[in-house]
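Participant: What follows is query-v3.cif, made up of mmCIF, C-alpha atoms:
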data_upload
#
loop_
_atom_site.label_atom_id
_atom_site.label_comp_id
_atom_site.auth_asym_id
_atom_site.auth_seq_id
_atom_site.Cartn_x
_atom_site.Cartn_y
_atom_site.Cartn_z
CA MET A 7 22.78 -10.81 -3.19
CA ILE A 8 19.22 -9.60 -2.65
CA PRO A 9 16.89 -12.37 -1.43
CA ILE A 10 14.86 -13.96 -4.19
CA LYS A 11 11.69 -13.48 -2.12
CA ASN A 12 12.16 -9.71 -2.44
CA LYS A 13 12.55 -9.88 -6.20
CA ALA A 14 9.36 -11.93 -6.35
CA VAL A 15 7.44 -8.77 -5.42
CA ILE A 16 8.02 -7.39 -8.94
CA PRO A 17 5.84 -9.87 -10.91
CA VAL A 18 3.08 -9.48 -8.28
CA CYS A 19 3.10 -5.71 -8.78
CA LEU A 20 3.15 -6.24 -12.54
CA ALA A 21 0.05 -8.45 -12.26
CA SER A 22 -1.61 -5.72 -10.19
CA PHE A 23 -0.91 -3.19 -12.94
CA PHE A 24 -2.52 -5.29 -15.70
CA MET A 25 -5.53 -6.48 -13.67
CA ASN A 26 -6.39 -3.03 -12.34
CA PHE A 27 -6.00 -1.46 -15.77
CA LEU A 28 -8.39 -4.06 -17.20
CA LEU A 29 -10.91 -3.34 -14.43
CA PHE A 30 -10.53 0.40 -15.06
CA ALA A 31 -11.28 -0.04 -18.78
CA VAL A 32 -14.37 -2.14 -18.07
CA LYS A 33 -15.80 0.15 -15.35
CA PHE A 34 -14.94 3.29 -17.28
CA TYR A 35 -16.94 2.00 -20.24
CA VAL A 36 -19.89 0.93 -18.07
CA GLY A 37 -19.80 4.18 -16.09
CA LEU A 38 -19.92 6.35 -19.21
CA SER A 39 -22.51 4.16 -20.91
CA ALA A 40 -24.78 4.05 -17.85
CA ASN A 41 -24.09 7.73 -17.04
CA SER A 42 -23.21 6.72 -13.47
CA ILE A 43 -20.81 8.88 -11.45
CA SER A 44 -20.36 6.14 -8.82
CA ILE A 45 -19.31 3.52 -11.39
CA TYR A 46 -17.12 6.09 -13.16
CA SER A 47 -15.40 7.00 -9.86
CA ASP A 48 -14.93 3.33 -9.04
CA GLY A 49 -13.24 2.85 -12.42
CA ILE A 50 -10.90 5.82 -11.96
CA ASN A 51 -9.97 4.39 -8.56
CA ASN A 52 -8.81 1.24 -10.37
CA LEU A 53 -6.77 3.40 -12.74
CA PHE A 54 -4.92 4.88 -9.73
CA ASP A 55 -4.30 1.33 -8.49
CA SER A 56 -2.94 0.38 -11.91
CA LEU A 57 -0.56 3.35 -12.01
CA SER A 58 0.56 2.50 -8.48
CA GLY A 59 1.40 -1.03 -9.61
CA ALA A 60 3.44 0.33 -12.51
CA LEU A 61 5.30 2.74 -10.21
CA SER A 62 6.05 -0.11 -7.81
CA VAL A 63 7.51 -2.26 -10.59
CA ILE A 64 9.81 0.55 -11.77
CA CYS A 65 11.03 1.48 -8.29
CA PHE A 66 11.59 -2.12 -7.21
CA TYR A 67 13.49 -2.88 -10.40
CA PHE A 68 16.03 -0.14 -9.76
CA ALA A 69 16.16 -0.82 -6.00
CA PHE A 70 16.96 -4.51 -6.55
CA ARG A 71 19.69 -3.93 -9.14
CA SER A 72 22.27 -3.24 -6.44
CA THR A 73 23.88 -6.24 -4.74
CA ASP A 74 26.04 -4.55 -2.09
CA LEU A 75 25.72 -5.15 1.62
CA SER A 76 23.42 -2.20 2.27
CA SER A 77 20.99 -3.09 -0.54
CA SER A 78 18.62 -4.80 1.89
CA SER A 79 18.18 -1.55 3.81
CA ARG A 80 17.66 0.39 0.57
CA SER A 81 15.05 -2.05 -0.76
CA GLU A 82 13.11 -1.91 2.52
CA LYS A 83 13.19 1.88 2.48
CA THR A 84 11.95 1.80 -1.13
CA GLU A 85 8.99 -0.34 -0.05
CA GLN A 86 8.17 2.06 2.76
CA PHE A 87 8.36 5.02 0.40
CA LEU A 88 6.09 3.28 -2.13
CA SER A 89 3.59 2.40 0.60
CA PHE A 90 3.49 6.07 1.59
CA VAL A 91 3.06 7.26 -2.04
CA LEU A 92 0.28 4.72 -2.71
CA SER A 93 -1.52 5.79 0.46
CA VAL A 94 -1.35 9.47 -0.53
CA ILE A 95 -2.69 8.60 -4.00
CA VAL A 96 -5.65 6.79 -2.42
CA ALA A 97 -6.41 9.81 -0.19
CA VAL A 98 -6.21 12.28 -3.10
CA ALA A 99 -8.45 10.05 -5.20
CA GLY A 100 -11.05 10.04 -2.42
CA PHE A 101 -11.06 13.85 -2.30
CA VAL A 102 -11.44 14.17 -6.09
CA PHE A 103 -14.32 11.67 -6.17
CA ALA A 104 -16.08 13.50 -3.34
CA TYR A 105 -15.98 16.74 -5.33
CA ASN A 106 -17.32 15.05 -8.50
CA SER A 107 -20.09 13.32 -6.56
CA ALA A 108 -21.16 16.53 -4.82
CA GLU A 109 -21.34 18.21 -8.21
CA ARG A 110 -23.55 15.39 -9.52
CA LEU A 111 -25.77 15.73 -6.42
CA MET A 112 -26.38 19.37 -7.29
CA TYR A 113 -27.18 18.51 -10.91
CA PRO A 114 -28.68 14.96 -10.92
CA THR A 115 -28.93 13.15 -14.26
CA PRO A 116 -30.57 9.83 -15.23
CA VAL A 117 -28.68 6.56 -14.84
CA TRP A 118 -29.28 4.00 -17.63
CA PHE A 119 -29.80 0.49 -16.24
CA THR A 120 -29.27 -2.82 -18.07
CA TYR A 121 -28.71 -6.29 -16.65
CA GLY A 122 -25.58 -6.53 -18.79
CA TYR A 123 -24.00 -3.64 -16.89
CA LEU A 124 -25.13 -5.19 -13.61
CA TRP A 125 -23.48 -8.58 -14.19
CA ILE A 126 -20.30 -6.93 -15.44
CA LEU A 127 -20.05 -5.03 -12.17
CA VAL A 128 -20.71 -8.18 -10.14
CA ALA A 129 -17.88 -9.92 -12.01
CA THR A 130 -15.47 -7.05 -11.30
CA ALA A 131 -16.36 -7.19 -7.59
CA VAL A 132 -15.52 -10.90 -7.48
CA VAL A 133 -12.21 -10.23 -9.24
CA LYS A 134 -11.31 -7.58 -6.64
CA LEU A 135 -12.11 -9.98 -3.80
CA LEU A 136 -9.84 -12.62 -5.33
CA MET A 137 -7.10 -10.02 -5.80
CA ALA A 138 -7.34 -9.02 -2.12
CA ALA A 139 -6.91 -12.65 -1.07
CA PHE A 140 -4.00 -13.11 -3.50
CA PHE A 141 -2.14 -10.00 -2.30
CA ARG A 142 -2.72 -10.99 1.34
CA TYR A 143 -1.25 -14.43 0.66
CA LYS A 144 1.78 -12.92 -1.10
CA HIS A 145 2.25 -10.39 1.71
CA ARG A 146 2.46 -13.18 4.27
CA LYS A 147 4.85 -15.14 2.06
CA LEU A 148 7.12 -12.28 0.96
CA GLY A 149 6.74 -9.87 3.88
CA SER A 150 6.21 -6.86 1.62
CA GLU A 151 4.53 -3.74 3.05
CA VAL A 152 3.48 -2.69 -0.48
CA LEU A 153 1.53 -5.93 -0.95
CA LYS A 154 -0.18 -5.35 2.39
CA VAL A 155 -1.40 -1.95 1.18
CA MET A 156 -2.55 -3.52 -2.11
CA SER A 157 -4.49 -6.20 -0.22
CA VAL A 158 -6.32 -3.68 1.97
CA ASP A 159 -7.03 -1.44 -1.02
CA SER A 160 -8.40 -4.36 -3.08
CA LEU A 161 -10.72 -5.41 -0.25
CA LEU A 162 -11.96 -1.85 0.04
CA ASP A 163 -12.51 -1.77 -3.73
CA PHE A 164 -14.64 -4.92 -3.44
CA PHE A 165 -17.02 -3.24 -0.99
CA ILE A 166 -17.08 -0.09 -3.09
CA THR A 167 -18.09 -2.03 -6.20
CA ALA A 168 -20.71 -3.94 -4.17
CA VAL A 169 -22.27 -0.60 -3.22
CA THR A 170 -22.29 0.51 -6.86
CA VAL A 171 -24.10 -2.72 -7.79
CA VAL A 172 -26.87 -1.91 -5.29
CA THR A 173 -27.00 1.67 -6.52
CA LEU A 174 -27.36 0.55 -10.13
CA LEU A 175 -30.23 -1.74 -9.15
CA LEU A 176 -32.05 1.06 -7.30
CA SER A 177 -31.54 3.44 -10.22
CA GLN A 178 -34.35 1.60 -12.03
CA LYS A 179 -36.78 3.45 -9.75
CA GLY A 180 -35.57 6.80 -11.01
CA THR A 181 -33.76 7.85 -7.83
CA TYR A 182 -30.96 9.56 -9.72
CA SER A 183 -29.62 11.46 -6.71
CA LEU A 184 -28.86 8.09 -5.07
CA ASP A 185 -26.00 7.65 -7.52
CA ALA A 186 -24.44 10.88 -6.26
CA TYR A 187 -24.96 9.90 -2.62
CA CYS A 188 -23.31 6.56 -3.37
CA GLY A 189 -20.40 8.40 -5.01
CA ILE A 190 -19.98 10.53 -1.88
CA LEU A 191 -20.08 7.41 0.35
CA ILE A 192 -17.43 5.73 -1.81
CA SER A 193 -15.31 8.87 -1.66
CA ILE A 194 -15.47 9.02 2.14
CA MET A 195 -14.47 5.35 2.43
CA ILE A 196 -11.52 5.88 0.08
CA LEU A 197 -10.47 9.10 1.82
CA ILE A 198 -10.56 7.62 5.34
CA SER A 199 -8.66 4.53 4.21
CA GLY A 200 -6.07 6.65 2.40
CA ILE A 201 -5.50 8.95 5.39
CA ARG A 202 -5.11 6.03 7.80
CA MET A 203 -2.63 4.25 5.53
CA THR A 204 -0.75 7.52 4.94
CA PHE A 205 -0.17 8.04 8.67
CA SER A 206 0.80 4.41 9.18
CA SER A 207 3.23 4.22 6.26
CA GLY A 208 4.56 7.72 6.96
CA LYS A 209 5.48 6.72 10.49
CA LYS A 210 7.49 3.76 9.18
CA LEU A 211 9.08 5.86 6.44
CA LEU A 212 10.32 8.38 8.99
CA ASN A 213 11.49 5.55 11.26
CA LEU A 214 9.65 6.96 14.26
CA ALA A 215 10.91 4.34 16.69
CA ASP A 216 9.95 4.76 20.32
CA GLU A 217 12.49 6.78 22.30
CA ASN A 218 12.74 4.00 24.86
CA VAL A 219 13.64 1.55 22.10
CA ARG A 220 16.33 3.86 20.73
CA GLY A 221 17.72 4.43 24.21
CA LYS A 222 17.79 0.71 24.95
CA ILE A 223 19.72 -0.05 21.74
CA GLN A 224 22.20 2.73 22.47
CA GLU A 225 22.68 1.33 25.96
CA ILE A 226 23.33 -2.20 24.68
CA LEU A 227 25.86 -0.96 22.12
CA SER A 228 27.65 1.14 24.73
CA GLU A 229 27.90 -1.85 27.05
CA GLY A 230 29.34 -3.77 24.10
CA GLY A 231 32.13 -1.24 23.78
CA ILE A 232 30.79 0.64 20.75
CA ASP A 233 31.78 4.32 20.72
CA LYS A 234 28.53 6.18 19.97
CA GLU A 235 30.51 9.15 18.63
CA LYS A 236 32.00 6.97 15.89
CA ALA A 237 28.92 4.84 15.22
CA GLN A 238 25.87 5.64 13.09
CA LEU A 239 22.51 3.94 13.50
CA GLU A 240 20.02 3.69 10.65
CA TYR A 241 16.57 2.30 11.46
CA SER A 242 14.39 0.41 9.01
CA LEU A 243 10.96 -0.18 10.53
CA GLY A 244 8.55 -2.40 8.67
CA ASN A 245 7.28 -5.96 8.56
CA GLU A 246 10.72 -6.99 9.91
CA SER A 247 12.19 -4.09 11.88
CA ARG A 248 15.96 -3.68 11.62
CA VAL A 249 18.70 -1.32 12.75
CA TYR A 250 21.91 -0.97 10.76
CA LEU A 251 25.10 -0.09 12.65
CA LYS A 252 27.72 1.71 10.55
CA THR A 253 31.11 1.84 12.23
CA ASP A 254 34.81 1.55 11.38
CA GLU A 255 35.52 -0.28 14.61
CA ASP A 256 36.64 -3.90 14.49
CA ILE A 257 33.87 -5.86 16.20
CA GLY A 258 34.64 -9.43 17.10
CA THR A 259 32.24 -12.20 16.09
CA GLU A 260 31.49 -13.17 19.68
CA ARG A 261 30.84 -9.58 20.81
CA LEU A 262 28.62 -8.94 17.77
CA SER A 263 26.63 -12.11 18.43
CA VAL A 264 25.97 -11.08 22.04
CA MET A 265 24.81 -7.58 21.04
CA LYS A 266 22.53 -8.94 18.29
CA LYS A 267 20.90 -11.30 20.77
CA GLN A 268 20.40 -8.61 23.40
CA VAL A 269 18.97 -6.08 20.93
CA TYR A 270 16.49 -8.57 19.50
CA GLU A 271 15.40 -9.98 22.87
CA GLN A 272 14.87 -6.54 24.44
CA THR A 273 13.45 -4.59 21.47
CA GLY A 274 12.36 -7.11 18.83
CA ILE A 275 14.64 -5.38 16.30
CA LYS A 276 17.36 -7.19 14.37
CA LEU A 277 20.85 -5.68 14.41
CA TYR A 278 23.02 -5.64 11.26
CA ILE A 279 26.53 -4.33 10.73
CA VAL A 280 27.34 -2.26 7.63
CA LYS A 281 30.95 -1.30 6.95
#
As structure tokens, how would this structure be written, given the file I've shared?
Facilitator:
Amino acid sequence: MIPIKNKAVIPVCLASFFMNFLLFAVKFYVGLSANSISIYSDGINNLFDSLSGALSVICFYFAFRSTDLSSSSRSEKTEQFLSFVLSVIVAVAGFVFAYNSAERLMYPTPVWFTYGYLWILVATAVVKLLMAAFFRYKHRKLGSEVLKVMSVDSLLDFFITAVTVVTLLLSQKGTYSLDAYCGILISIMILISGIRMTFSSGKKLLNLADENVRGKIQEILSEGGIDKEKAQLEYSLGNESRVYLKTDEDIGTERLSVMKKQVYEQTGIKLYIVK
């Protein structure tokens, strides 16, 4: 059976979907009402986060339906794939916002300030900070790479909204172009974060284990009497790195125990057998 702690990721992602969609609706309304491109972009960013949460729920649901021996590997690979997709979405969002902000810089328009809009934005910033702490806590408890990405993204969103609060305050002085500059700054922060997470999650998705690590594992298995021509290794690198050995050979319990211990002590990777 799939560990309950893995299934617990689903309600967390579902909560992310609803909370981010609510934040999107609020910021979208304020952004349009105040005619602020930075607030509008911040709101659309939350919409991407909401859609990412929905995608995570759907993918995890189908990944966790299977209960065979290799389901653990499949669920981990699903998490790595989702982390990569979410990172790409963040990077694309940053590029789109940069374009919109540059367009607003060329054609500046007034931003309408009210204290009501200001306090609404402050409240959304606090919510994002709480969400970042919540996802970080769940990541440590459940060991999910997706929740780690969500935590980092929520913390980034907090700082982005904090900048929009300052921008809205300064808009009272009629510096309309500042809103566009703020939008560009937000876009750059989102883009850099998205690119960094894309490379990090992409490396895990492709299982780019160090060649020395791969060679060491092969050496240990060979010494244990495993025929490398008949064996197949499948790596799953993530919060808990694993390597799955698929072979038709009959491996004794004692021999398997020795190999598992050697692999973990020398590489930090856990060895599992899949028939």
Participant: Which residue, A:Cys19, A:Ala31, A:Ile223, A:Ile50, has the smallest gap to Val63 of chain A when you use all atoms listed in the file?
Facilitator: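 Using all atoms listed in the file, the shortest distance to Val63 of chain A belongs to A:Cys19.
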Participant: Excluding same-chain residues fewer than 6 positions from Val32 of chain A, what lies within 12 Å of it counting all atoms listed in the file, as a VMD selection string?
Facilitator: chain A and resid 25 to 26 38 to 39 45 to 46 48 to 50 52 to 53 123 125 to 131
Participant: If you measure from atom CA of Gly221 of chain A to atom CA of Met203 of chain A, what distance in Å do you get, rounded to one decimal?
Facilitator: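 So the answer is 27.6 Å.
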Participant: Starting from 8 Å padding per side, set up an axis-aligned box that covers all listed atoms of segment 267-274 of chain A and hand over centre and edge lengths in Å, one decimal, as AutoDock Vina command-line options.
Facilitator:
--center_x 16.6 --center_y -7.9 --center_z 21.6 --size_x 24.5 --size_y 22.7 --size_z 21.6
Participant: Name the closest residue to Lys222 of chain A among the candidates A:Val94, A:Leu262, A:Ala21, A:Ile275; distances are taken between atoms, counting all atoms listed in the file.
Facilitator: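 Of A:Val94, A:Leu262, A:Ala21, A:Ile275, the one nearest Lys222 of chain A is A:Ile275, counting all atoms listed in the file.
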Participant: Mind giving me the straight-line distance from atom CA of Ile190 of chain A to atom CA of Ala104 of chain A in Å, one decimal?
Facilitator: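 The value is 5.1 Å.
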Participant: For the PyMOL selection byres ((chain A and resi 118) around 8), applied here, can you spell out every residue it catches as a list in words?
Facilitator: Ser39, Ala40, Asn41, Ser42, Pro116, Val117, Phe119, Thr120, Ser177 and Gln178 of chain A
Participant: Residues proximal to (-1.6, -2.1, -8.9) were defined as those with any atom within 12 Å of that point in the file's coordinates, counting only C-alpha atoms. Which are they, as a ChimeraX atom specification?
Facilitator: /A:15-30,51-63,88-89,92,95-96,134,137-138,141,152-160
Participant: State, in Å with one decimal place, the distance from atom CA of Ser263 of chain A to atom CA of Ser150 of chain A.
Facilitator: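 Result for atom CA of Ser263 of chain A versus atom CA of Ser150 of chain A: 27.0 Å, one decimal.
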Participant: For Ile198 of chain A, which residue among A:Phe165, A:Tyr35, A:Gly100, A:Val133 is the nearest when counting all atoms listed in the file?
Facilitator: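 The closest residue to Ile198 of chain A is A:Gly100.
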Participant: Between A:Leu148, A:Thr273, A:Ala108, A:Leu176, which has the minimum distance to Gly189 of chain A (counting all atoms listed in the file)?
Facilitator: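 Comparing A:Leu148, A:Thr273, A:Ala108, A:Leu176 against Gly189 of chain A, the winner is A:Ala108.
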